[in-house]
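Shown next: start23.csv, given as CSV, C-alpha atoms and all ligand atoms.
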```
chain,number,residue,atom,x,y,z
A,1,MET,CA,8.5,-71.9,86.9
A,2,PRO,CA,5.0,-70.5,87.8
A,3,ALA,CA,2.7,-69.9,84.8
A,4,VAL,CA,2.2,-66.3,85.7
A,5,PRO,CA,4.4,-63.7,87.6
A,6,ALA,CA,3.8,-63.0,91.2
A,7,VAL,CA,1.6,-60.0,92.1
A,8,ALA,CA,4.2,-57.9,94.0
A,9,ALA,CA,6.2,-56.9,90.9
A,10,ALA,CA,3.4,-55.1,89.2
A,11,ALA,CA,1.0,-53.9,91.9
A,12,PRO,CA,0.8,-50.2,92.5
A,13,SER,CA,2.5,-48.8,95.6
A,14,VAL,CA,0.1,-48.7,98.6
A,15,PRO,CA,-0.4,-45.9,101.0
A,16,LEU,CA,1.7,-45.8,104.2
A,17,ASP,CA,2.4,-49.4,105.0
A,18,ASP,CA,0.8,-52.6,103.9
A,19,THR,CA,-0.6,-53.4,107.4
A,20,LEU,CA,-3.1,-50.6,106.8
A,21,PHE,CA,-5.3,-53.0,104.9
A,22,ASP,CA,-5.3,-55.5,107.7
A,23,ARG,CA,-6.7,-52.9,110.1
A,24,ILE,CA,-9.9,-52.6,108.0
A,25,PRO,CA,-12.5,-55.2,109.0
A,26,ARG,CA,-14.3,-57.1,106.2
A,27,ALA,CA,-17.6,-55.7,107.6
A,28,ALA,CA,-16.4,-52.3,106.6
A,29,LEU,CA,-15.9,-53.2,103.0
A,30,PRO,CA,-19.3,-52.4,101.5
A,31,ALA,CA,-19.2,-48.8,102.8
A,32,LEU,CA,-15.5,-48.5,101.8
A,33,LEU,CA,-16.2,-49.7,98.2
A,34,ALA,CA,-19.0,-47.3,97.8
A,35,ARG,CA,-17.1,-44.3,99.4
A,36,MET,CA,-13.8,-44.7,97.6
A,37,PRO,CA,-13.1,-42.4,94.7
A,38,LYS,CA,-12.9,-44.3,91.4
A,39,ALA,CA,-12.8,-44.0,87.6
A,40,GLU,CA,-15.0,-45.8,85.2
A,41,LEU,CA,-13.3,-46.8,81.9
A,42,HIS,CA,-15.8,-49.2,80.3
A,43,ILE,CA,-19.4,-47.8,80.0
A,44,HIS,CA,-21.4,-47.8,76.8
A,45,ILE,CA,-23.4,-44.7,77.2
A,46,GLU,CA,-26.2,-46.2,75.2
A,47,GLY,CA,-26.2,-49.0,77.7
A,48,SER,CA,-27.0,-46.6,80.5
A,49,LEU,CA,-30.4,-45.9,78.9
A,50,GLU,CA,-32.9,-47.0,81.5
A,51,PRO,CA,-36.3,-48.4,80.4
A,52,GLU,CA,-38.1,-45.3,81.9
A,53,LEU,CA,-36.0,-42.9,79.8
A,54,ILE,CA,-36.4,-45.2,76.7
A,55,PHE,CA,-40.2,-44.8,77.0
A,56,LYS,CA,-40.0,-41.1,77.7
A,57,LEU,CA,-37.8,-40.5,74.6
A,58,ALA,CA,-40.0,-42.8,72.5
A,59,GLN,CA,-43.0,-40.6,73.4
A,60,ARG,CA,-41.1,-37.3,72.9
A,61,ASN,CA,-39.9,-38.5,69.4
A,62,GLN,CA,-42.9,-40.5,68.4
A,63,VAL,CA,-40.9,-43.7,68.0
A,64,ALA,CA,-42.8,-47.0,68.2
A,65,LEU,CA,-41.5,-49.6,70.6
A,66,ARG,CA,-42.0,-53.3,70.5
A,67,TYR,CA,-42.8,-53.4,74.2
A,68,ALA,CA,-46.1,-52.2,75.7
A,69,SER,CA,-44.6,-51.0,79.0
A,70,VAL,CA,-41.5,-50.3,81.1
A,71,GLU,CA,-42.1,-53.6,82.9
A,72,ALA,CA,-42.5,-55.6,79.7
A,73,LEU,CA,-39.2,-54.2,78.4
A,74,ARG,CA,-37.4,-54.9,81.6
A,75,GLN,CA,-38.7,-58.5,81.5
A,76,ALA,CA,-37.0,-58.9,78.1
A,77,TYR,CA,-33.7,-58.4,79.8
A,78,ALA,CA,-32.8,-62.1,80.1
A,79,PHE,CA,-29.8,-62.7,77.9
A,80,THR,CA,-28.1,-66.0,76.9
A,81,ASP,CA,-25.1,-64.4,75.2
A,82,LEU,CA,-23.7,-61.1,73.8
A,83,GLN,CA,-25.8,-61.2,70.6
A,84,SER,CA,-29.1,-61.7,72.5
A,85,PHE,CA,-28.2,-58.5,74.5
A,86,LEU,CA,-27.1,-56.5,71.5
A,87,ASP,CA,-30.4,-57.1,69.7
A,88,ILE,CA,-32.3,-55.4,72.5
A,89,TYR,CA,-29.6,-52.8,73.1
A,90,TYR,CA,-29.7,-51.5,69.5
A,91,ALA,CA,-33.6,-51.5,69.6
A,92,GLY,CA,-33.4,-49.4,72.8
A,93,ALA,CA,-31.0,-46.9,71.2
A,94,SER,CA,-33.5,-46.3,68.4
A,95,VAL,CA,-35.4,-43.6,70.5
A,96,LEU,CA,-32.3,-41.3,70.4
A,97,LEU,CA,-32.9,-38.7,67.7
A,98,GLN,CA,-32.2,-35.1,69.0
A,99,GLU,CA,-29.1,-33.6,70.6
A,100,GLN,CA,-31.1,-33.2,73.8
A,101,ASP,CA,-31.8,-37.0,73.9
A,102,PHE,CA,-28.1,-37.7,73.9
A,103,TYR,CA,-27.6,-35.1,76.5
A,104,ASP,CA,-30.4,-36.4,78.7
A,105,MET,CA,-29.0,-40.0,78.5
A,106,ALA,CA,-25.4,-38.9,79.4
A,107,TRP,CA,-26.6,-36.6,82.1
A,108,ALA,CA,-28.6,-39.3,83.8
A,109,TYR,CA,-25.5,-41.5,83.7
A,110,PHE,CA,-23.3,-38.8,85.3
A,111,GLU,CA,-25.8,-38.3,88.1
A,112,LYS,CA,-25.5,-42.1,88.9
A,113,ALA,CA,-21.7,-41.9,88.6
A,114,LYS,CA,-21.6,-39.0,91.1
A,115,ALA,CA,-23.7,-41.0,93.6
A,116,ASP,CA,-21.1,-43.8,93.2
A,117,ASN,CA,-18.2,-41.5,93.9
A,118,VAL,CA,-16.9,-41.8,90.3
A,119,VAL,CA,-14.5,-38.9,89.8
A,120,HIS,CA,-13.8,-39.6,86.1
A,121,ALA,CA,-15.6,-41.6,83.3
A,122,GLU,CA,-14.5,-42.4,79.8
A,123,LEU,CA,-17.7,-43.1,77.8
A,124,PHE,CA,-18.0,-45.3,74.8
A,125,PHE,CA,-20.5,-44.3,72.2
A,126,ASP,CA,-21.6,-46.0,69.0
A,127,PRO,CA,-22.2,-43.4,66.3
A,128,GLN,CA,-23.0,-46.0,63.6
A,129,THR,CA,-26.1,-47.0,65.5
A,130,HIS,CA,-27.3,-43.5,65.1
A,131,THR,CA,-26.0,-42.3,61.8
A,132,ALA,CA,-27.5,-45.4,60.1
A,133,ARG,CA,-30.9,-44.0,61.3
A,134,GLY,CA,-30.2,-40.6,59.8
A,135,VAL,CA,-29.0,-38.9,62.9
A,136,ALA,CA,-26.1,-36.6,62.2
A,137,MET,CA,-22.7,-37.2,63.8
A,138,GLU,CA,-22.8,-33.6,65.0
A,139,THR,CA,-26.1,-34.2,66.9
A,140,VAL,CA,-24.5,-37.2,68.8
A,141,MET,CA,-21.3,-35.4,69.5
A,142,ARG,CA,-22.8,-32.1,70.7
A,143,GLY,CA,-25.3,-33.8,73.0
A,144,LEU,CA,-22.8,-36.0,74.6
A,145,SER,CA,-20.0,-33.5,74.9
A,146,ARG,CA,-22.4,-30.9,76.4
A,147,ALA,CA,-23.3,-33.4,79.1
A,148,CYS,CA,-19.6,-34.0,79.8
A,149,ASN,CA,-19.0,-30.3,80.2
A,150,ASP,CA,-22.0,-29.9,82.5
A,151,ALA,CA,-21.0,-32.9,84.6
A,152,HIS,CA,-17.6,-31.4,85.1
A,153,ASP,CA,-19.0,-28.0,86.0
A,154,GLN,CA,-22.0,-29.0,88.1
A,155,LEU,CA,-21.1,-32.4,89.5
A,156,GLY,CA,-17.3,-32.3,89.6
A,157,VAL,CA,-17.2,-35.5,87.6
A,158,SER,CA,-14.9,-35.4,84.5
A,159,GLY,CA,-15.9,-37.2,81.4
A,160,ALA,CA,-14.3,-38.0,78.0
A,161,LEU,CA,-15.7,-39.7,74.9
A,162,ILE,CA,-14.4,-42.7,73.0
A,163,LEU,CA,-15.9,-43.4,69.6
A,164,CYS,CA,-16.5,-47.1,69.0
A,165,PHE,CA,-16.6,-48.8,65.7
A,166,LEU,CA,-19.2,-51.6,65.3
A,167,ARG,CA,-17.2,-54.7,64.4
A,168,HIS,CA,-20.1,-56.5,62.7
A,169,LEU,CA,-20.0,-53.7,60.1
A,170,SER,CA,-17.3,-53.3,57.4
A,171,GLU,CA,-13.9,-51.6,57.5
A,172,GLU,CA,-15.2,-49.2,54.9
A,173,ASP,CA,-18.1,-48.2,57.2
A,174,ALA,CA,-15.6,-47.7,60.0
A,175,PHE,CA,-13.4,-45.5,57.8
A,176,ALA,CA,-16.4,-43.4,56.7
A,177,THR,CA,-17.4,-43.0,60.4
A,178,LEU,CA,-14.0,-41.8,61.4
A,179,GLU,CA,-14.0,-39.3,58.5
A,180,GLU,CA,-17.4,-38.0,59.6
A,181,ALA,CA,-16.0,-37.5,63.1
A,182,GLU,CA,-12.9,-35.7,62.1
A,183,PRO,CA,-14.5,-32.2,62.3
A,184,PHE,CA,-15.1,-33.0,66.0
A,185,LEU,CA,-11.7,-34.2,66.9
A,186,GLU,CA,-11.5,-32.0,69.9
A,187,LEU,CA,-14.7,-33.6,71.4
A,188,PHE,CA,-13.4,-37.2,71.7
A,189,ILE,CA,-10.2,-38.7,73.0
A,190,GLY,CA,-10.0,-42.1,71.3
A,191,VAL,CA,-11.5,-44.9,69.3
A,192,GLY,CA,-12.7,-48.4,70.4
A,193,LEU,CA,-14.2,-51.5,68.9
A,194,ASP,CA,-17.4,-53.2,70.1
A,195,SER,CA,-20.5,-55.2,69.1
A,196,SER,CA,-20.5,-58.9,68.1
A,197,GLU,CA,-17.0,-60.3,68.8
A,198,ARG,CA,-17.2,-63.9,67.5
A,199,GLY,CA,-16.3,-64.0,63.8
A,200,HIS,CA,-15.1,-60.4,63.7
A,201,PRO,CA,-11.4,-60.5,64.7
A,202,PRO,CA,-9.6,-57.3,65.4
A,203,GLY,CA,-7.5,-57.5,62.2
A,204,LYS,CA,-10.5,-56.4,60.1
A,205,PHE,CA,-9.9,-52.9,61.6
A,206,GLU,CA,-6.1,-52.7,61.4
A,207,ARG,CA,-6.0,-49.8,58.9
A,208,VAL,CA,-8.7,-47.7,60.5
A,209,PHE,CA,-6.9,-48.0,63.9
A,210,ALA,CA,-3.7,-46.9,62.2
A,211,ARG,CA,-5.5,-43.8,60.9
A,212,ALA,CA,-6.9,-43.1,64.3
A,213,LYS,CA,-3.3,-43.2,65.7
A,214,GLU,CA,-2.2,-40.7,63.0
A,215,LEU,CA,-5.0,-38.4,64.2
A,216,GLY,CA,-3.5,-38.5,67.7
A,217,LEU,CA,-6.4,-40.6,69.1
A,218,HIS,CA,-6.1,-43.2,71.9
A,219,ARG,CA,-7.0,-46.8,70.9
A,220,VAL,CA,-8.9,-49.4,72.9
A,221,ALA,CA,-10.7,-52.6,71.8
A,222,HIS,CA,-13.1,-55.1,73.2
A,223,ALA,CA,-11.3,-58.5,73.0
A,224,GLY,CA,-11.5,-61.8,74.9
A,225,GLU,CA,-15.1,-61.3,76.1
A,226,GLU,CA,-16.7,-64.1,74.1
A,227,GLY,CA,-13.8,-64.3,71.6
A,228,PRO,CA,-10.6,-66.2,72.2
A,229,ALA,CA,-7.4,-65.0,74.0
A,230,ALA,CA,-5.9,-64.7,70.5
A,231,TYR,CA,-8.1,-61.8,69.8
A,232,VAL,CA,-6.5,-60.0,72.8
A,233,ARG,CA,-3.1,-60.5,71.2
A,234,ASP,CA,-4.4,-59.3,67.9
A,235,ALA,CA,-5.9,-56.2,69.5
A,236,LEU,CA,-2.4,-55.4,70.9
A,237,ASP,CA,-0.4,-56.3,67.8
A,238,LEU,CA,-2.6,-55.3,65.0
A,239,LEU,CA,-4.6,-52.4,66.5
A,240,GLY,CA,-2.1,-51.0,68.9
A,241,ALA,CA,-4.7,-51.1,71.6
A,242,GLN,CA,-3.6,-49.3,74.8
A,243,ARG,CA,-6.3,-51.0,76.9
A,244,ILE,CA,-8.3,-54.2,76.4
A,245,ASP,CA,-12.0,-54.1,77.2
A,246,HIS,CA,-13.1,-57.2,79.0
A,247,GLY,CA,-10.0,-59.4,78.2
A,248,VAL,CA,-11.1,-62.1,80.7
A,249,ARG,CA,-10.4,-64.9,78.2
A,250,SER,CA,-6.7,-64.0,78.6
A,251,ILE,CA,-6.8,-66.3,81.6
A,252,ASP,CA,-6.7,-69.2,79.1
A,253,ASP,CA,-3.3,-68.3,77.8
A,254,PRO,CA,-0.4,-68.2,80.3
A,255,ALA,CA,2.0,-66.5,77.8
A,256,LEU,CA,-0.5,-63.8,77.1
A,257,MET,CA,-1.0,-63.3,80.9
A,258,ARG,CA,2.7,-62.8,81.4
A,259,ARG,CA,2.8,-60.3,78.5
A,260,LEU,CA,-0.2,-58.3,79.9
A,261,ALA,CA,1.5,-58.1,83.3
A,262,ALA,CA,4.9,-57.3,81.9
A,263,GLU,CA,3.6,-54.5,79.6
A,264,GLN,CA,1.0,-53.4,82.2
A,265,ILE,CA,-1.8,-53.4,79.7
A,266,PRO,CA,-5.0,-52.5,81.5
A,267,LEU,CA,-8.1,-54.7,81.3
A,268,THR,CA,-11.4,-53.1,81.8
A,269,VAL,CA,-13.3,-55.9,83.4
A,270,CYS,CA,-17.1,-55.9,83.8
A,271,PRO,CA,-18.2,-58.5,86.3
A,272,LEU,CA,-22.0,-58.1,86.2
A,273,SER,CA,-21.9,-58.0,82.4
A,274,ASN,CA,-20.0,-61.2,82.3
A,275,LEU,CA,-22.6,-62.8,84.6
A,276,LYS,CA,-25.6,-61.5,82.7
A,277,LEU,CA,-24.1,-62.5,79.3
A,278,CYS,CA,-23.2,-66.0,80.6
A,279,VAL,CA,-19.4,-65.4,80.1
A,280,VAL,CA,-19.1,-66.8,83.7
A,281,GLY,CA,-21.6,-69.1,85.4
A,282,THR,CA,-21.5,-67.3,88.7
A,283,LEU,CA,-19.6,-64.4,90.1
A,284,ALA,CA,-17.8,-66.8,92.4
A,285,ASP,CA,-16.2,-68.2,89.3
A,286,HIS,CA,-15.1,-64.8,88.0
A,287,PRO,CA,-11.3,-64.7,87.1
A,288,LEU,CA,-10.8,-61.2,88.5
A,289,PRO,CA,-8.9,-62.4,91.6
A,290,ALA,CA,-6.6,-64.5,89.3
A,291,LEU,CA,-6.0,-61.5,87.0
A,292,LEU,CA,-5.0,-59.4,90.0
A,293,ALA,CA,-2.9,-62.1,91.5
A,294,ALA,CA,-1.0,-62.4,88.2
A,295,GLY,CA,-0.1,-58.7,88.4
A,296,LEU,CA,-2.4,-57.4,85.6
A,297,VAL,CA,-3.8,-53.9,85.7
A,298,ALA,CA,-7.4,-55.0,86.1
A,299,THR,CA,-10.2,-52.5,86.7
A,300,VAL,CA,-13.9,-52.9,87.5
A,301,ASN,CA,-16.6,-51.3,85.3
A,302,SER,CA,-20.3,-51.5,84.5
A,303,ASP,CA,-20.4,-51.9,80.7
A,304,ASP,CA,-24.2,-51.5,80.1
A,305,PRO,CA,-25.5,-50.8,83.6
A,306,ALA,CA,-29.2,-50.3,82.6
A,307,TYR,CA,-29.2,-53.8,81.2
A,308,PHE,CA,-26.9,-55.8,83.5
A,309,GLY,CA,-28.3,-55.0,86.9
A,310,GLY,CA,-26.2,-52.2,88.3
A,311,TYR,CA,-23.9,-49.3,88.1
A,312,LEU,CA,-20.3,-49.2,89.2
A,313,ASN,CA,-20.7,-49.6,93.0
A,314,GLN,CA,-23.1,-52.5,92.5
A,315,ASN,CA,-20.4,-54.2,90.4
A,316,TYR,CA,-17.8,-53.7,93.1
A,317,LEU,CA,-20.2,-54.8,95.9
A,318,GLU,CA,-21.5,-58.0,94.3
A,319,THR,CA,-18.1,-59.0,93.1
A,320,PHE,CA,-16.5,-58.6,96.5
A,321,GLU,CA,-19.4,-60.3,98.2
A,322,ALA,CA,-19.0,-63.3,95.9
A,323,LEU,CA,-15.2,-63.6,96.1
A,324,PRO,CA,-13.7,-63.8,99.6
A,325,GLN,CA,-10.2,-63.5,98.0
A,326,LEU,CA,-11.0,-59.8,97.4
A,327,GLY,CA,-10.5,-57.6,100.4
A,328,PRO,CA,-9.5,-54.0,101.3
A,329,ARG,CA,-6.1,-54.4,99.6
A,330,GLU,CA,-7.7,-55.4,96.3
A,331,ALA,CA,-10.3,-52.6,96.6
A,332,TYR,CA,-7.5,-50.1,96.8
A,333,ILE,CA,-5.6,-51.7,93.9
A,334,LEU,CA,-8.7,-51.7,91.7
A,335,ALA,CA,-9.4,-48.0,92.3
A,336,ARG,CA,-5.7,-47.2,91.8
A,337,ASN,CA,-5.7,-49.2,88.6
A,338,SER,CA,-8.8,-47.3,87.4
A,339,PHE,CA,-6.8,-44.0,87.7
A,340,ASP,CA,-3.6,-45.3,86.3
A,341,ALA,CA,-5.4,-46.9,83.3
A,342,SER,CA,-7.3,-43.7,82.4
A,343,PHE,CA,-6.2,-41.3,79.7
A,344,VAL,CA,-5.6,-38.3,81.9
A,345,SER,CA,-2.5,-36.4,83.0
A,346,ASP,CA,-0.2,-37.8,85.7
A,347,LEU,CA,-1.0,-34.8,87.9
A,348,ARG,CA,-4.7,-35.6,87.9
A,349,LYS,CA,-3.9,-39.3,88.7
A,350,GLU,CA,-1.8,-38.1,91.6
A,351,ARG,CA,-4.7,-35.9,92.9
A,352,TRP,CA,-7.2,-38.8,92.8
A,353,THR,CA,-4.7,-41.2,94.4
A,354,GLU,CA,-4.2,-38.7,97.3
A,355,MET,CA,-8.0,-38.7,97.8
A,356,LEU,CA,-8.1,-42.5,97.7
A,357,ASP,CA,-5.3,-42.8,100.2
A,358,ALA,CA,-7.1,-40.4,102.6
A,359,VAL,CA,-10.3,-42.6,102.5
A,360,PHE,CA,-8.3,-45.8,103.2
A,361,VAL,CA,-6.2,-44.2,106.0
A,362,GLU,CA,-9.4,-42.9,107.6
A,363,ALA,CA,-11.0,-46.4,107.3
A,364,ALA,CA,-8.0,-48.0,108.9
A,365,ASN,CA,-7.8,-45.5,111.7
A,366,SER,CA,-11.4,-45.8,112.6
A,367,GLY,CA,-11.5,-49.5,112.2
A,368,ALA,CA,-14.6,-49.1,110.2
A,401,LIG,O1,-20.2,-55.9,76.3
A,401,LIG,C1,-20.2,-55.5,75.1
A,401,LIG,N1,-19.5,-56.2,74.2
A,401,LIG,C2,-19.5,-55.8,72.9
A,401,LIG,N2,-20.2,-54.8,72.5
A,401,LIG,C3,-20.9,-54.1,73.3
A,401,LIG,N3,-21.7,-53.1,73.1
A,401,LIG,C4,-22.3,-52.7,74.2
A,401,LIG,N4,-21.9,-53.6,75.2
A,401,LIG,C5,-21.0,-54.4,74.6
A,402,ZN,ZN,-18.4,-53.2,76.5
```
Using structure tokens, write down the structure that the file contains.
Amino acid sequence: MPAVPAVAAAAPSVPLDDTLFDRIPRAALPALLARMPKAELHIHIEGSLEPELIFKLAQRNQVALRYASVEALRQAYAFTDLQSFLDIYYAGASVLLQEQDFYDMAWAYFEKAKADNVVHAELFFDPQTHTARGVAMETVMRGLSRACNDAHDQLGVSGALILCFLRHLSEEDAFATLEEAEPFLELFIGVGLDSSERGHPPGKFERVFARAKELGLHRVAHAGEEGPAAYVRDALDLLGAQRIDHGVRSIDDPALMRRLAAEQIPLTVCPLSNLKLCVVGTLADHPLPALLAAGLVATVNSDDPAYFGGYLNQNYLETFEALPQLGPREAYILARNSFDASFVSDLRKERWTEMLDAVFVEAANSGA
């Protein structure tokens, strides 16, 4: 018996007939990847803070930085693991103080998302990083949600917010954060779990995730990025996670792979992040093709694009360039998966799928 199920059982239906993908030459892939509509489901909004904006906000708010210039800061972006990145990421976020700062950061992201033909983004934010510095929960919430509203109205990109608990902090701190966020329940759609994974298993947050469920919130969790496949199973069983962020270490556990495929649990995979944080040695070694071949609902995302070398289209482009197993069919499936795995209505998913189908039919008919 094969270790994992075949792809056909779980893959989304494809437009028209399957030969459509064969009519699209590989040379047309970069333009197609860029042009196709897509959703982004794993982006830490604080990780979209570009060095230029960090310096601008530092000046505006009179915050001292450890780096003398934009160039010096950028040069520090050489990471050996998750923690080496997180240290710089939290330092960068220290310039965010006013509602307008959070707005400016999120608006800058939405402009990049629009350019990448992202139709919908579900943004993680880390309130504890800000409330610990004396910034009010309301300041964070209002700035980010105003940017989401304006992105919808002015750019036609929809956005939703997911509040992440920092897993290196205590359960008590997470509970206090959720309580502080309760007056703003209409401004965010779910909770997540991020920060240092090793030594902080999902079980630590079982009760706070149960409370989030009671409040009617969606639940996602980072698991299996640096931590073991067992953390993915714990995120499902103990936290009731509806999506797994990263999850690439699931590849080590055939039984878990079968479960993820059977239950169609989406994984929000971030290839450039995995490369920059040394989760994989090269993109050519990335498990994305194996995850897709096993019938998992894998998606491509940027994680912390200002730190990891690119926004969403750059992730697609570099990943497809490095992995010849990925072609037009996989591009279609990844975009479809991004819609299917999002927390929106079936009607909206259908609309985006029709747009996606039209782009692929046109690419097949023009042979380019
Ligand atoms: O990739 C990540 N992993 C965990 N926590 C994070 N916080 C921002 N990015 C990440
Ligand atoms: Zn992440």
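Among A:Ser273, A:Gln100, A:Asn313, A:Asn117, the residue with the shortest atom-to-atom distance to Gly47 of chain A, counting all atoms listed in the file, is A:Ser273.
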Residue contacts of segment 151-156 of chain A (7 Å, all atoms listed in the file) excluding same-chain residues fewer than 2 positions away, as a PyMOL selection string: chain A and resi 110+114+147-149+158
When the cut-off is 9 Å and you count all atoms listed in the file, which residues lie near ligand LIG 401 (chain A), shown as a PyMOL selection string? chain A and resi 42-47+82-83+85-86+89-90+124-126+164+166-167+193-197+222-223+225-226+245-246+270+273-274+277+303-304
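Residues with any atom within 7 Å of segment 279-289 of chain A, counting all atoms listed in the file and excluding same-chain neighbours fewer than 3 positions away, are A:Glu226, A:Val248, A:Asn274, A:Leu275, A:Leu292, A:Ala293, A:Thr319, A:Ala322, A:Leu323, A:Gln325, A:Leu326.
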How would the residues just picked look written out with C-alpha atoms as a compact mmCIF listing (two decimals), in the frame of the given file?
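Contents of result_15.txt, as written:
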```txt
# COMPACT_ATOMS: atom_id res chain seq x y z
CA GLU A 226 -16.70 -64.10 74.10
CA VAL A 248 -11.10 -62.10 80.70
CA ASN A 274 -20.00 -61.20 82.30
CA LEU A 275 -22.60 -62.80 84.60
CA LEU A 292 -5.00 -59.40 90.00
CA ALA A 293 -2.90 -62.10 91.50
CA THR A 319 -18.10 -59.00 93.10
CA ALA A 322 -19.00 -63.30 95.90
CA LEU A 323 -15.20 -63.60 96.10
CA GLN A 325 -10.20 -63.50 98.00
CA LEU A 326 -11.00 -59.80 97.40
```
Excluding Leu317 of chain A and its own-chain neighbours fewer than 3 positions away, which residues fall within 8 Å of it when counting only C-alpha atoms? Please give them as a PDB file with C-alpha atoms, in the coordinates of the input.
```
ATOM      1  CA  PRO A  30     -19.300 -52.400 101.500  1.00  0.00           C
ATOM      2  CA  LEU A  33     -16.200 -49.700  98.200  1.00  0.00           C
ATOM      3  CA  ALA A  34     -19.000 -47.300  97.800  1.00  0.00           C
ATOM      4  CA  ASN A 313     -20.700 -49.600  93.000  1.00  0.00           C
ATOM      5  CA  GLN A 314     -23.100 -52.500  92.500  1.00  0.00           C
ATOM      6  CA  PHE A 320     -16.500 -58.600  96.500  1.00  0.00           C
ATOM      7  CA  GLU A 321     -19.400 -60.300  98.200  1.00  0.00           C
TER       8      GLU A 321
END
```
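Between ligand ZN 402 (chain A) and the candidates A:Ser250, A:Ser338, A:Asn301, A:Gln128, the tightest atom-to-atom separation, counting all atoms listed in the file, involves A:Asn301.
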Atom CA of Val63 of chain A to atom CA of Leu272 of chain A, straight-line distance in Å: 29.9 Å
Test item: residues at most 9 Å from Asp116 of chain A, only C-alpha atoms, excluding those fewer than 3 positions along its chain, as a ChimeraX atom specification: /A:34-38,111-113,119,311-314
Taking 2 positions as the minimum chain separation for residues in the same chain, which residues sit within 6 Å of Gly224 of chain A when counting only C-alpha atoms? Answer as a list in words. Glu226, Gly227, Pro228, Ala229, Val232, Gly247, Val248 and Arg249 of chain A
Could you save the residues just selected, with C-alpha atoms, as a CSV table (one decimal), keeping the file's coordinate frame?
```
chain,number,residue,atom,x,y,z
A,226,GLU,CA,-16.7,-64.1,74.1
A,227,GLY,CA,-13.8,-64.3,71.6
A,228,PRO,CA,-10.6,-66.2,72.2
A,229,ALA,CA,-7.4,-65.0,74.0
A,232,VAL,CA,-6.5,-60.0,72.8
A,247,GLY,CA,-10.0,-59.4,78.2
A,248,VAL,CA,-11.1,-62.1,80.7
A,249,ARG,CA,-10.4,-64.9,78.2
```
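Distance check against ligand ZN 402 (chain A) using only C-alpha atoms and all ligand atoms: of A:Gly199, A:Leu123, A:Ala358, A:Thr80, the minimum falls on A:Leu123.
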Find, counting only C-alpha atoms and all ligand atoms, the residue in A:Thr268, A:Asn315, A:Thr299, A:Gln62 that gets nearest to ligand ZN 402 (chain A). A:Thr268
Grab the atom CA of Leu256 of chain A to atom CA of Asp234 of chain A distance for me, in Å with one decimal place. 11.0 Å
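In terms of minimum interatomic distance to ligand ZN 402 (chain A), A:Pro305 ranks closest within A:Gly190, A:Pro324, A:Pro305, A:Gly295, counting only C-alpha atoms and all ligand atoms.
Counting from atom CA of Glu122 of chain A, the distance to atom CA of Phe188 of chain A is 9.7 Å.
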Which residue gives the smallest distance to Leu187 of chain A among A:Asp17, A:Asp346, A:Glu52, A:Glu138, with only C-alpha atoms counted? A:Glu138
With N, CA and C atoms as the target, complete segment 37-48 of chain A and hand it back as an mmCIF file, keeping the file's coordinate frame.
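Everything below was put into rebuild00.cif:
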```cif
data_model
loop_
_atom_site.group_PDB
_atom_site.id
_atom_site.type_symbol
_atom_site.label_atom_id
_atom_site.label_comp_id
_atom_site.auth_asym_id
_atom_site.auth_seq_id
_atom_site.Cartn_x
_atom_site.Cartn_y
_atom_site.Cartn_z
ATOM 1 N N PRO A 37 -13.100 -43.025 95.998
ATOM 2 C CA PRO A 37 -13.100 -42.400 94.700
ATOM 3 C C PRO A 37 -12.630 -43.430 93.637
ATOM 4 N N LYS A 38 -13.190 -43.351 92.437
ATOM 5 C CA LYS A 38 -12.900 -44.300 91.400
ATOM 6 C C LYS A 38 -13.121 -43.767 90.033
ATOM 7 N N ALA A 39 -12.531 -44.374 89.024
ATOM 8 C CA ALA A 39 -12.800 -44.000 87.600
ATOM 9 C C ALA A 39 -13.540 -45.145 86.959
ATOM 10 N N GLU A 40 -14.373 -44.800 85.980
ATOM 11 C CA GLU A 40 -15.000 -45.800 85.200
ATOM 12 C C GLU A 40 -14.539 -45.707 83.737
ATOM 13 N N LEU A 41 -14.013 -46.814 83.202
ATOM 14 C CA LEU A 41 -13.300 -46.800 81.900
ATOM 15 C C LEU A 41 -14.023 -47.671 80.854
ATOM 16 N N HIS A 42 -15.117 -48.310 81.246
ATOM 17 C CA HIS A 42 -15.800 -49.200 80.300
ATOM 18 C C HIS A 42 -17.320 -49.066 80.551
ATOM 19 N N ILE A 43 -17.921 -48.077 79.907
ATOM 20 C CA ILE A 43 -19.400 -47.800 80.000
ATOM 21 C C ILE A 43 -19.823 -47.396 78.621
ATOM 22 N N HIS A 44 -20.735 -48.170 78.049
ATOM 23 C CA HIS A 44 -21.400 -47.800 76.800
ATOM 24 C C HIS A 44 -22.490 -46.840 77.143
ATOM 25 N N ILE A 45 -22.431 -45.609 76.711
ATOM 26 C CA ILE A 45 -23.400 -44.700 77.200
ATOM 27 C C ILE A 45 -24.838 -45.086 76.743
ATOM 28 N N GLU A 46 -24.923 -45.727 75.580
ATOM 29 C CA GLU A 46 -26.200 -46.200 75.200
ATOM 30 C C GLU A 46 -26.723 -47.360 76.076
ATOM 31 N N GLY A 47 -25.805 -47.973 76.779
ATOM 32 C CA GLY A 47 -26.200 -49.000 77.700
ATOM 33 C C GLY A 47 -26.539 -48.516 79.089
ATOM 34 N N SER A 48 -26.571 -47.190 79.226
ATOM 35 C CA SER A 48 -27.000 -46.600 80.500
ATOM 36 C C SER A 48 -28.480 -46.092 80.330
#
```
